[in-house]
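What follows is the content of input-v7.cif (mmCIF, C-alpha atoms).
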```
data_run
#
loop_
_atom_site.label_atom_id
_atom_site.label_comp_id
_atom_site.auth_asym_id
_atom_site.auth_seq_id
_atom_site.Cartn_x
_atom_site.Cartn_y
_atom_site.Cartn_z
CA MET A 1 58.67 114.05 49.31
CA ALA A 2 58.53 117.65 50.50
CA ASP A 3 59.37 118.81 54.04
CA LEU A 4 56.23 118.24 56.09
CA THR A 5 55.12 120.12 59.20
CA LEU A 6 51.88 119.49 61.03
CA HIS A 7 50.19 122.39 62.81
CA GLU A 8 48.46 120.51 65.60
CA ASP A 9 47.11 120.14 69.11
CA PRO A 10 48.22 116.78 70.53
CA LEU A 11 44.78 116.30 72.16
CA SER A 12 43.06 116.34 68.76
CA GLY A 13 42.15 113.07 67.09
CA ASN A 14 41.96 114.91 63.78
CA CYS A 15 45.66 115.75 64.15
CA TYR A 16 46.48 112.22 65.27
CA LYS A 17 45.05 110.78 62.01
CA ILE A 18 47.76 112.59 60.09
CA LYS A 19 50.53 111.56 62.48
CA LEU A 20 49.38 107.93 62.33
CA THR A 21 49.25 108.00 58.52
CA ALA A 22 52.77 109.45 58.37
CA ALA A 23 54.05 106.88 60.90
CA LEU A 24 52.54 103.92 59.01
CA LEU A 25 54.16 105.23 55.83
CA GLY A 26 57.50 106.00 57.51
CA LEU A 27 57.31 109.68 56.55
CA PRO A 28 59.13 112.25 58.73
CA LEU A 29 56.70 114.87 60.05
CA ALA A 30 57.68 117.90 62.11
CA VAL A 31 55.08 119.38 64.44
CA ARG A 32 54.15 122.88 65.56
CA GLN A 33 51.85 122.75 68.57
CA TYR A 34 48.92 124.98 69.54
CA ASP A 35 46.52 124.81 72.49
CA ILE A 36 43.00 125.05 71.07
CA ARG A 37 41.59 125.56 74.59
CA GLN A 38 43.67 128.75 74.84
CA GLY A 39 42.36 130.04 71.49
CA GLU A 40 45.76 129.72 69.84
CA THR A 41 44.20 128.83 66.46
CA ARG A 42 42.00 131.96 66.45
CA THR A 43 44.74 134.60 66.67
CA PRO A 44 45.08 137.11 63.80
CA GLU A 45 48.46 135.55 62.92
CA PHE A 46 47.06 132.03 62.71
CA LEU A 47 44.06 133.15 60.64
CA ALA A 48 46.28 135.09 58.25
CA GLU A 49 49.19 132.71 57.93
CA VAL A 50 47.95 129.18 58.61
CA ASN A 51 44.18 128.74 58.22
CA ALA A 52 41.48 131.37 57.71
CA ASN A 53 39.04 128.78 59.10
CA GLY A 54 40.77 128.98 62.51
CA ARG A 55 41.22 125.24 62.85
CA ILE A 56 43.89 122.64 63.16
CA PRO A 57 45.17 120.33 61.77
CA VAL A 58 46.88 122.03 58.88
CA LEU A 59 49.57 120.19 56.94
CA GLN A 60 52.36 122.48 55.78
CA ILE A 61 54.18 121.28 52.67
CA ASP A 62 57.50 122.96 51.86
CA GLU A 63 59.00 122.30 48.46
CA ALA A 64 61.61 124.02 46.31
CA ASP A 65 58.87 126.00 44.56
CA GLY A 66 57.19 127.25 47.72
CA ARG A 67 55.01 126.53 50.74
CA ARG A 68 51.50 125.11 50.59
CA LEU A 69 49.02 124.69 53.42
CA LEU A 70 46.40 121.98 53.55
CA PRO A 71 43.61 122.08 56.18
CA GLU A 72 41.14 119.24 56.86
CA SER A 73 42.49 116.08 58.44
CA ASN A 74 41.21 113.60 55.89
CA ALA A 75 42.49 115.66 52.95
CA ALA A 76 45.93 115.77 54.56
CA CYS A 77 45.87 111.98 55.04
CA TRP A 78 44.97 111.61 51.35
CA TYR A 79 47.89 113.84 50.35
CA LEU A 80 50.36 111.77 52.35
CA ALA A 81 49.02 108.40 51.21
CA GLU A 82 48.55 108.94 47.48
CA GLY A 83 50.30 106.20 45.54
CA THR A 84 50.64 103.93 48.60
CA ALA A 85 48.72 100.84 49.68
CA LEU A 86 46.75 102.93 52.21
CA ILE A 87 44.54 103.99 49.28
CA PRO A 88 42.87 101.04 47.50
CA GLN A 89 43.60 100.34 43.85
CA GLY A 90 40.05 99.68 42.67
CA ARG A 91 37.82 102.54 41.56
CA PHE A 92 34.85 101.53 43.69
CA ASP A 93 37.00 100.76 46.74
CA ARG A 94 38.72 104.14 46.50
CA ALA A 95 35.35 105.92 46.46
CA ASP A 96 34.08 103.63 49.23
CA MET A 97 37.09 104.60 51.35
CA LEU A 98 36.15 108.26 50.88
CA ARG A 99 32.56 107.33 51.77
CA TRP A 100 33.72 106.21 55.24
CA MET A 101 35.91 109.29 55.63
CA PHE A 102 32.93 111.57 54.88
CA PHE A 103 30.83 109.47 57.28
CA GLU A 104 33.53 110.06 59.87
CA GLN A 105 33.37 113.84 59.50
CA TYR A 106 29.57 114.04 59.31
CA ASN A 107 28.18 111.29 61.56
CA HIS A 108 31.04 110.37 63.88
CA GLU A 109 33.32 113.28 64.70
CA PRO A 110 30.64 115.90 65.57
CA ASN A 111 29.20 113.45 68.10
CA VAL A 112 31.92 111.10 69.38
CA ALA A 113 34.75 113.65 69.30
CA THR A 114 32.65 116.56 70.55
CA LEU A 115 31.41 114.68 73.62
CA ARG A 116 34.99 113.63 74.42
CA PHE A 117 36.12 117.24 74.15
CA TRP A 118 33.23 118.58 76.21
CA LEU A 119 33.29 115.95 78.95
CA ALA A 120 37.00 115.10 79.22
CA PHE A 121 38.62 118.46 78.47
CA VAL A 122 36.15 121.33 78.94
CA GLY A 123 34.32 119.61 81.81
CA GLU A 124 30.55 119.29 82.11
CA ALA A 125 30.40 122.08 84.72
CA HIS A 126 31.88 124.53 82.22
CA LEU A 127 29.55 123.78 79.31
CA THR A 128 26.97 126.30 78.18
CA ASP A 129 23.30 125.44 78.70
CA GLN A 130 22.97 124.90 74.98
CA GLN A 131 25.91 122.50 74.89
CA ARG A 132 24.50 120.60 77.85
CA ALA A 133 21.11 120.37 76.14
CA LEU A 134 22.77 118.85 73.07
CA ILE A 135 24.43 116.00 74.96
CA PRO A 136 21.55 113.49 74.60
CA ALA A 137 21.25 114.01 70.83
CA LYS A 138 25.02 113.75 70.35
CA ARG A 139 25.10 110.69 72.59
CA ALA A 140 22.41 108.97 70.50
CA ALA A 141 24.00 109.92 67.16
CA GLY A 142 27.44 108.81 68.36
CA GLU A 143 26.06 105.48 69.57
CA ASP A 144 24.39 105.01 66.17
CA ALA A 145 27.69 105.68 64.39
CA LEU A 146 29.57 103.20 66.59
CA THR A 147 26.87 100.55 66.12
CA LEU A 148 26.93 101.01 62.35
CA MET A 149 30.71 100.52 62.42
CA ASP A 150 30.45 97.42 64.62
CA GLU A 151 27.88 95.86 62.30
CA HIS A 152 29.95 96.71 59.23
CA LEU A 153 32.94 94.96 60.81
CA ALA A 154 31.00 91.79 61.68
CA GLU A 155 32.08 90.12 58.46
CA ARG A 156 35.23 91.97 57.53
CA ALA A 157 38.57 92.84 59.09
CA TRP A 158 38.89 96.35 57.58
CA PHE A 159 36.41 99.00 56.47
CA VAL A 160 37.16 98.67 52.75
CA GLY A 161 38.58 95.70 50.87
CA ASP A 162 40.88 93.24 52.61
CA ARG A 163 43.54 95.49 54.06
CA VAL A 164 43.97 98.66 56.09
CA SER A 165 43.18 101.96 54.33
CA LEU A 166 42.73 105.60 55.28
CA ALA A 167 39.12 104.76 56.16
CA ASP A 168 40.39 102.74 59.12
CA ILE A 169 42.89 105.40 60.21
CA SER A 170 40.29 108.15 60.00
CA LEU A 171 37.69 106.23 62.02
CA TYR A 172 40.22 104.86 64.51
CA ALA A 173 41.33 108.27 65.76
CA TYR A 174 38.25 109.22 67.78
CA THR A 175 36.82 105.71 68.18
CA HIS A 176 39.70 104.38 70.27
CA VAL A 177 39.28 107.23 72.78
CA ALA A 178 35.45 107.29 72.66
CA GLU A 179 35.14 106.11 76.26
CA ALA A 180 36.49 109.51 77.37
CA GLY A 181 33.21 110.89 75.97
CA GLY A 182 31.12 108.35 77.85
CA PHE A 183 30.64 105.87 75.00
CA ARG A 184 30.89 102.18 75.79
CA LEU A 185 33.12 100.18 73.45
CA ARG A 186 33.38 96.85 75.27
CA ASP A 187 30.01 95.51 74.16
CA ARG A 188 30.92 96.03 70.51
CA ARG A 189 33.22 93.11 69.95
CA HIS A 190 33.81 93.52 66.21
CA LEU A 191 34.77 97.14 66.80
CA CYS A 192 37.11 96.16 69.66
CA ALA A 193 38.80 93.47 67.55
CA TRP A 194 39.32 96.05 64.78
CA LEU A 195 40.83 98.55 67.25
CA GLU A 196 43.32 95.83 68.22
CA ARG A 197 44.15 95.15 64.56
CA VAL A 198 44.88 98.84 63.96
CA SER A 199 47.09 99.15 67.05
CA ALA A 200 49.07 96.07 65.95
CA LEU A 201 50.00 97.55 62.55
CA PRO A 202 53.75 97.86 61.89
CA GLY A 203 54.75 101.47 62.49
CA TYR A 204 51.71 102.25 64.68
CA VAL A 205 52.14 105.14 67.10
CA PRO A 206 49.82 105.91 70.02
CA MET A 207 47.83 109.13 70.16
CA VAL A 208 49.99 111.05 72.64
CA SER A 209 53.55 109.90 72.46
CA MET B 210 30.65 102.68 32.67
CA ALA B 211 28.22 100.67 34.73
CA ASP B 212 24.46 101.27 34.91
CA LEU B 213 23.97 104.04 37.44
CA THR B 214 20.92 104.70 39.60
CA LEU B 215 20.68 107.46 42.18
CA HIS B 216 18.52 106.89 45.25
CA GLU B 217 17.48 110.46 45.98
CA ASP B 218 15.09 113.11 47.21
CA PRO B 219 14.88 115.93 44.63
CA LEU B 220 14.82 118.53 47.44
CA SER B 221 18.26 117.45 48.65
CA GLY B 222 21.30 119.41 47.60
CA ASN B 223 23.46 116.41 48.46
CA CYS B 224 21.59 114.44 45.77
CA TYR B 225 21.81 117.33 43.34
CA LYS B 226 25.64 117.30 43.55
CA ILE B 227 25.66 113.84 42.03
CA LYS B 228 23.13 114.73 39.31
CA LEU B 229 25.12 117.84 38.41
CA THR B 230 28.37 115.87 38.26
CA ALA B 231 26.75 113.26 36.00
CA ALA B 232 25.24 115.96 33.79
CA LEU B 233 28.54 117.83 33.38
CA LEU B 234 30.19 114.53 32.44
CA GLY B 235 27.36 113.44 30.11
CA LEU B 236 26.74 110.26 32.12
CA PRO B 237 23.24 108.73 32.07
CA LEU B 238 21.83 108.43 35.60
CA ALA B 239 18.51 106.82 36.49
CA VAL B 240 16.77 108.00 39.66
CA ARG B 241 14.69 106.33 42.35
CA GLN B 242 12.92 108.93 44.47
CA TYR B 243 12.13 108.96 48.21
CA ASP B 244 10.49 111.60 50.40
CA ILE B 245 12.76 112.13 53.40
CA ARG B 246 10.03 114.15 55.15
CA GLN B 247 7.83 111.04 55.08
CA GLY B 248 10.58 108.87 56.58
CA GLU B 249 10.99 106.86 53.39
CA THR B 250 14.74 106.41 53.99
CA ARG B 251 14.20 104.97 57.48
CA THR B 252 12.03 101.99 56.55
CA PRO B 253 13.33 98.48 57.34
CA GLU B 254 13.59 97.80 53.58
CA PHE B 255 15.68 100.90 52.92
CA LEU B 256 17.97 100.23 55.90
CA ALA B 257 18.49 96.60 54.83
CA GLU B 258 18.78 97.04 51.08
CA VAL B 259 20.04 100.56 50.36
CA ASN B 260 21.82 102.21 53.31
CA ALA B 261 22.05 101.08 56.94
CA ASN B 262 22.72 104.74 57.79
CA GLY B 263 19.16 105.67 56.67
CA ARG B 264 20.27 108.45 54.37
CA ILE B 265 20.18 109.47 50.77
CA PRO B 266 21.89 109.98 48.38
CA VAL B 267 23.09 106.48 47.57
CA LEU B 268 24.63 105.77 44.20
CA GLN B 269 23.76 102.29 42.91
CA ILE B 270 26.31 100.84 40.50
CA ASP B 271 25.23 97.80 38.48
CA GLU B 272 27.90 95.92 36.59
CA ALA B 273 28.17 92.46 35.10
CA ASP B 274 29.77 91.18 38.33
CA GLY B 275 27.11 92.56 40.65
CA ARG B 276 25.54 95.55 42.36
CA ARG B 277 27.40 97.97 44.60
CA LEU B 278 25.96 100.78 46.72
CA LEU B 279 27.82 103.97 47.55
CA PRO B 280 26.46 106.39 50.18
CA GLU B 281 27.83 109.90 50.86
CA SER B 282 27.36 112.53 48.20
CA ASN B 283 30.96 113.59 47.81
CA ALA B 284 32.20 110.00 47.56
CA ALA B 285 29.65 109.34 44.80
CA CYS B 286 30.81 112.45 42.92
CA TRP B 287 34.39 111.20 43.21
CA TYR B 288 33.39 107.79 41.81
CA LEU B 289 31.73 109.38 38.78
CA ALA B 290 34.51 111.86 38.09
CA GLU B 291 37.63 109.72 38.47
CA GLY B 292 39.83 110.05 35.42
CA THR B 293 38.03 113.20 34.18
CA ALA B 294 39.01 116.86 34.31
CA LEU B 295 36.64 117.42 37.26
CA ILE B 296 39.43 116.02 39.46
CA PRO B 297 42.70 117.99 39.21
CA GLN B 298 45.85 116.31 37.95
CA GLY B 299 48.30 117.67 40.54
CA ARG B 300 48.79 115.85 43.82
CA PHE B 301 48.37 118.94 45.99
CA ASP B 302 45.37 120.20 44.01
CA ARG B 303 43.65 116.84 44.28
CA ALA B 304 44.06 116.86 48.08
CA ASP B 305 43.05 120.53 48.18
CA MET B 306 39.85 119.66 46.29
CA LEU B 307 39.07 117.05 48.95
CA ARG B 308 39.87 119.69 51.59
CA TRP B 309 37.00 121.86 50.29
CA MET B 310 34.69 118.85 50.06
CA PHE B 311 35.36 117.98 53.72
CA PHE B 312 34.87 121.66 54.61
CA GLU B 313 31.53 121.45 52.82
CA GLN B 314 30.34 118.50 54.89
CA TYR B 315 31.69 119.80 58.20
CA ASN B 316 31.35 123.60 58.14
CA HIS B 317 28.82 124.33 55.41
CA GLU B 318 26.16 121.63 55.04
CA PRO B 319 25.25 121.21 58.75
CA ASN B 320 24.56 124.96 58.91
CA VAL B 321 23.54 126.26 55.47
CA ALA B 322 21.63 123.15 54.38
CA THR B 323 20.08 122.46 57.77
CA LEU B 324 18.63 125.98 58.10
CA ARG B 325 17.21 125.73 54.56
CA PHE B 326 15.59 122.41 55.44
CA TRP B 327 14.24 123.64 58.78
CA LEU B 328 12.96 127.02 57.57
CA ALA B 329 11.86 126.28 53.99
CA PHE B 330 10.58 122.68 54.28
CA VAL B 331 9.83 121.80 57.91
CA GLY B 332 8.68 125.32 58.82
CA GLU B 333 9.79 127.27 61.87
CA ALA B 334 6.49 126.60 63.66
CA HIS B 335 7.12 122.85 63.48
CA LEU B 336 10.67 122.86 64.84
CA THR B 337 11.43 121.44 68.27
CA ASP B 338 12.54 123.86 70.98
CA GLN B 339 16.05 122.48 70.70
CA GLN B 340 16.15 123.04 66.94
CA ARG B 341 14.86 126.58 67.38
CA ALA B 342 17.53 127.24 70.01
CA LEU B 343 20.22 126.12 67.57
CA ILE B 344 19.24 128.56 64.82
CA PRO B 345 21.51 131.44 65.94
CA ALA B 346 24.61 129.21 66.18
CA LYS B 347 23.89 127.60 62.81
CA ARG B 348 23.21 131.04 61.31
CA ALA B 349 26.58 132.34 62.55
CA ALA B 350 28.52 129.26 61.43
CA GLY B 351 26.81 129.29 58.02
CA GLU B 352 27.60 132.99 57.56
CA ASP B 353 31.23 132.27 58.47
CA ALA B 354 31.40 129.49 55.87
CA LEU B 355 29.92 131.72 53.16
CA THR B 356 32.29 134.57 54.05
CA LEU B 357 35.29 132.24 53.94
CA MET B 358 34.19 131.10 50.48
CA ASP B 359 33.68 134.67 49.27
CA GLU B 360 37.13 135.69 50.46
CA HIS B 361 38.73 132.62 48.89
CA LEU B 362 37.11 133.51 45.56
CA ALA B 363 38.30 137.14 45.65
CA GLU B 364 41.38 136.28 43.61
CA ARG B 365 40.38 133.11 41.80
CA ALA B 366 37.61 131.89 39.55
CA TRP B 367 37.34 128.36 40.97
CA PHE B 368 38.02 126.81 44.36
CA VAL B 369 41.07 124.82 43.26
CA GLY B 370 43.44 125.50 40.38
CA ASP B 371 42.19 127.28 37.28
CA ARG B 372 39.16 125.25 36.28
CA VAL B 373 36.01 123.77 37.74
CA SER B 374 36.40 120.71 39.98
CA LEU B 375 34.26 118.65 42.31
CA ALA B 376 35.02 121.22 45.03
CA ASP B 377 32.91 123.75 43.11
CA ILE B 378 30.09 121.29 42.46
CA SER B 379 30.00 120.18 46.08
CA LEU B 380 29.91 123.73 47.46
CA TYR B 381 27.53 125.02 44.79
CA ALA B 382 24.70 122.66 45.71
CA TYR B 383 23.60 124.25 48.99
CA THR B 384 25.17 127.68 48.41
CA HIS B 385 23.00 128.57 45.44
CA VAL B 386 19.82 127.92 47.47
CA ALA B 387 21.14 129.37 50.74
CA GLU B 388 18.66 132.26 50.68
CA ALA B 389 15.88 129.74 51.38
CA GLY B 390 17.59 129.32 54.77
CA GLY B 391 17.71 133.06 55.38
CA PHE B 392 21.30 133.64 54.28
CA ARG B 393 22.06 136.72 52.21
CA LEU B 394 24.15 136.09 49.10
CA ARG B 395 23.89 139.43 47.30
CA ASP B 396 26.50 141.25 49.38
CA ARG B 397 29.07 138.58 48.60
CA ARG B 398 30.00 139.54 45.08
CA HIS B 399 32.81 137.05 44.49
CA LEU B 400 30.53 134.25 45.60
CA CYS B 401 27.72 135.50 43.33
CA ALA B 402 30.06 135.72 40.32
CA TRP B 403 31.20 132.15 41.00
CA LEU B 404 27.58 130.93 41.21
CA GLU B 405 27.06 132.45 37.75
CA ARG B 406 30.16 130.72 36.41
CA VAL B 407 28.94 127.34 37.64
CA SER B 408 25.46 127.81 36.17
CA ALA B 409 27.01 128.73 32.80
CA LEU B 410 28.98 125.47 32.51
CA PRO B 411 28.20 123.35 29.44
CA GLY B 412 25.86 120.56 30.50
CA TYR B 413 24.67 122.37 33.65
CA VAL B 414 21.29 121.27 34.98
CA PRO B 415 19.26 123.15 37.58
CA MET B 416 18.44 121.63 40.95
CA VAL B 417 14.87 120.56 40.29
CA SER B 418 14.36 119.78 36.66
#
```

Could you write out this structure as structure tokens?
Amino acid sequence: MADLTLHEDPLSGNCYKIKLTAALLGLPLAVRQYDIRQGETRTPEFLAEVNANGRIPVLQIDEADGRRLLPESNAACWYLAEGTALIPQGRFDRADMLRWMFFEQYNHEPNVATLRFWLAFVGEAHLTDQQRALIPAKRAAGEDALTLMDEHLAERAWFVGDRVSLADISLYAYTHVAEAGGFRLRDRRHLCAWLERVSALPGYVPMVS
Amino acid sequence: MADLTLHEDPLSGNCYKIKLTAALLGLPLAVRQYDIRQGETRTPEFLAEVNANGRIPVLQIDEADGRRLLPESNAACWYLAEGTALIPQGRFDRADMLRWMFFEQYNHEPNVATLRFWLAFVGEAHLTDQQRALIPAKRAAGEDALTLMDEHLAERAWFVGDRVSLADISLYAYTHVAEAGGFRLRDRRHLCAWLERVSALPGYVPMVS
């Protein structure tokens, strides 16, 4: 495996996904930290040298033939996990794992993660009027995503197949800290049991270590 | 290959991605149509039998051992294209293709596709005040996504590697109809040349056939 460096902010669940994937696989991963609240991923240097999209995480892959940079948390997890048991063997299951990872980025993260960021890190008093006006819609959409997950887990231990996959890691990252965004987890018992299963995996690391 | 049926709305670019992937691969694909503007994907039957998330597209896969349902457009494209040249061979390129597909669902679709839907199909007069207030932010974020794509294509013909992949198909779907959402494509010449390359692919089908 190449030398791996994660460009990250330790507060970001998207970055944590990659660190958790690496930890479960026993892969060494260096980190380079940025503070997104200080605009450190929007500097001319970052845009030119790390990610023109101005976002972390970015996985840096150094090999004998050069350096490559990979933005997007779920793509970086895929890169690390290819050929391991974290990606299912079956064709349908592999696509179904990606289905949950796209669900995570479309239905879950923009609601569950955004409310955590706004309420726990920016602070409600510092939000713009437009952000404040969006809270109810993001609250409802985030609750829907968590309910869908809880119902999916009613009859299964993991999101896809019969063992942990990247779908679980991806969805775990912002779900396990959802209460910081005002979401209630305790009433969703299948979801809570699944959170416990993830945190009991050999090699598990917590979000801020 | 199994019998394939796409649950779709022909106005949806997310559905079109799957039809274009199937067409480029020469795979037969039956369709079952719904009108999302009439709420036909939110009925109790649809939620129970097709997708608990109330969304199309859903790819239905019928095989001798049963029926499987796969939501999320990019996951369905992956399922169809596994083992074909639409998914790159190299480990980094494969992850980089997914990177652009996650970018599409996070940075592109919620802005470029949503403004098309609001302005060309719902109509500005019928938007809620909150939707109308979001137009400038979605306009700016959509323009940023299109500019990032144009700059990426300045020195390459395709998004990943040296041939078409699912990254191109995914990003093509809502980009080529972006002007219906008030975005200007003509000034972005690399993007326009790439749109032409996609539409010249053998097997290409237009969005509404």

Atom CA of B:Arg303 to atom CA of A:Glu82 measures 9.8 Å

Tell me as a ChimeraX atom specification which residues belonging to chain A come within 10 Å of chain B, counting all atoms listed in the file.
/A:52-53,61,68-80,82-83,91-103,105-107,109-110,130-131,133-134,137,144-145,148,151-152

Care to translate the PyMOL selection byres ((chain B and resi 402) around 12) into actual residues of this file, as a JSON list (two decimals) with C-alpha atoms, in the frame of the given file?
```json
[["chain", "number", "residue", "atom", "x", "y", "z"],
["B", 358, "MET", "CA", 34.19, 131.10, 50.48],
["B", 359, "ASP", "CA", 33.68, 134.67, 49.27],
["B", 362, "LEU", "CA", 37.11, 133.51, 45.56],
["B", 363, "ALA", "CA", 38.30, 137.14, 45.65],
["B", 364, "GLU", "CA", 41.38, 136.28, 43.61],
["B", 365, "ARG", "CA", 40.38, 133.11, 41.80],
["B", 366, "ALA", "CA", 37.61, 131.89, 39.55],
["B", 367, "TRP", "CA", 37.34, 128.36, 40.97],
["B", 381, "TYR", "CA", 27.53, 125.02, 44.79],
["B", 385, "HIS", "CA", 23.00, 128.57, 45.44],
["B", 394, "LEU", "CA", 24.15, 136.09, 49.10],
["B", 395, "ARG", "CA", 23.89, 139.43, 47.30],
["B", 396, "ASP", "CA", 26.50, 141.25, 49.38],
["B", 397, "ARG", "CA", 29.07, 138.58, 48.60],
["B", 398, "ARG", "CA", 30.00, 139.54, 45.08],
["B", 399, "HIS", "CA", 32.81, 137.05, 44.49],
["B", 400, "LEU", "CA", 30.53, 134.25, 45.60],
["B", 401, "CYS", "CA", 27.72, 135.50, 43.33],
["B", 403, "TRP", "CA", 31.20, 132.15, 41.00],
["B", 404, "LEU", "CA", 27.58, 130.93, 41.21],
["B", 405, "GLU", "CA", 27.06, 132.45, 37.75],
["B", 406, "ARG", "CA", 30.16, 130.72, 36.41],
["B", 407, "VAL", "CA", 28.94, 127.34, 37.64],
["B", 408, "SER", "CA", 25.46, 127.81, 36.17],
["B", 409, "ALA", "CA", 27.01, 128.73, 32.80]]
```

Among A:Asp9, A:Glu143, A:Asp3, A:Asp162, A:Arg67 is approached most closely, using all atoms listed in the file, by A:Asp3

Rounded to one decimal place, report the atom CA of B:Tyr413-atom CA of B:Gly235 distance in Å.
10.0 Å

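Of the residues listed (B:Leu229, B:Ile378, B:Ala211, B:Leu220), B:Ala211 shows the shortest atom-to-atom separation from B:Gly275; distances use only C-alpha atoms.
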
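Here atom CA of A:Arg116 is placed at a distance of 16.9 Å from atom CA of A:Ile56.
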
Any idea what's packed within 10 Å of B:Arg348, counting only C-alpha atoms, ignoring anything in its chain fewer than 5 positions away? Could you give it as a list in words?
Asn320, Val321, Thr323, Leu324, Leu343, Asp353, Ala354, Gly390, Gly391 and Phe392 of chain B

Taking 6 positions as the minimum chain separation for residues in the same chain, which residues sit within 8 Å of B:Met416 when counting all atoms listed in the file? Answer as a ChimeraX atom specification.
/B:219,222,225,382

Could you give me, as an NGL selection string, the residues that have an atom at most 12 Å away from the point (59.7, 118.2, 66.2) in the coordinates of the file, using only C-alpha atoms?
:A and (4-8 or 19 or 28-33)

Just C-alpha atoms for this one: save the residues we selected as a compact mmCIF listing (two decimals), in the frame of the given file.
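Final file, selection.txt:
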```
# COMPACT_ATOMS: atom_id res chain seq x y z
CA LEU A 4 56.23 118.24 56.09
CA THR A 5 55.12 120.12 59.20
CA LEU A 6 51.88 119.49 61.03
CA HIS A 7 50.19 122.39 62.81
CA GLU A 8 48.46 120.51 65.60
CA LYS A 19 50.53 111.56 62.48
CA PRO A 28 59.13 112.25 58.73
CA LEU A 29 56.70 114.87 60.05
CA ALA A 30 57.68 117.90 62.11
CA VAL A 31 55.08 119.38 64.44
CA ARG A 32 54.15 122.88 65.56
CA GLN A 33 51.85 122.75 68.57
```

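Comparing the minimum interatomic distances between A:Val160 and each of A:Gly90, A:Ala22, A:Leu27, A:Glu63, counting only C-alpha atoms, we find that A:Gly90 sits nearest.
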
Evaluate the PyMOL selection byres ((chain A and resi 86) around 8) on the structure here and hand back the selected residues as a ChimeraX atom specification.
/A:81-82,84-85,87-88,164-166
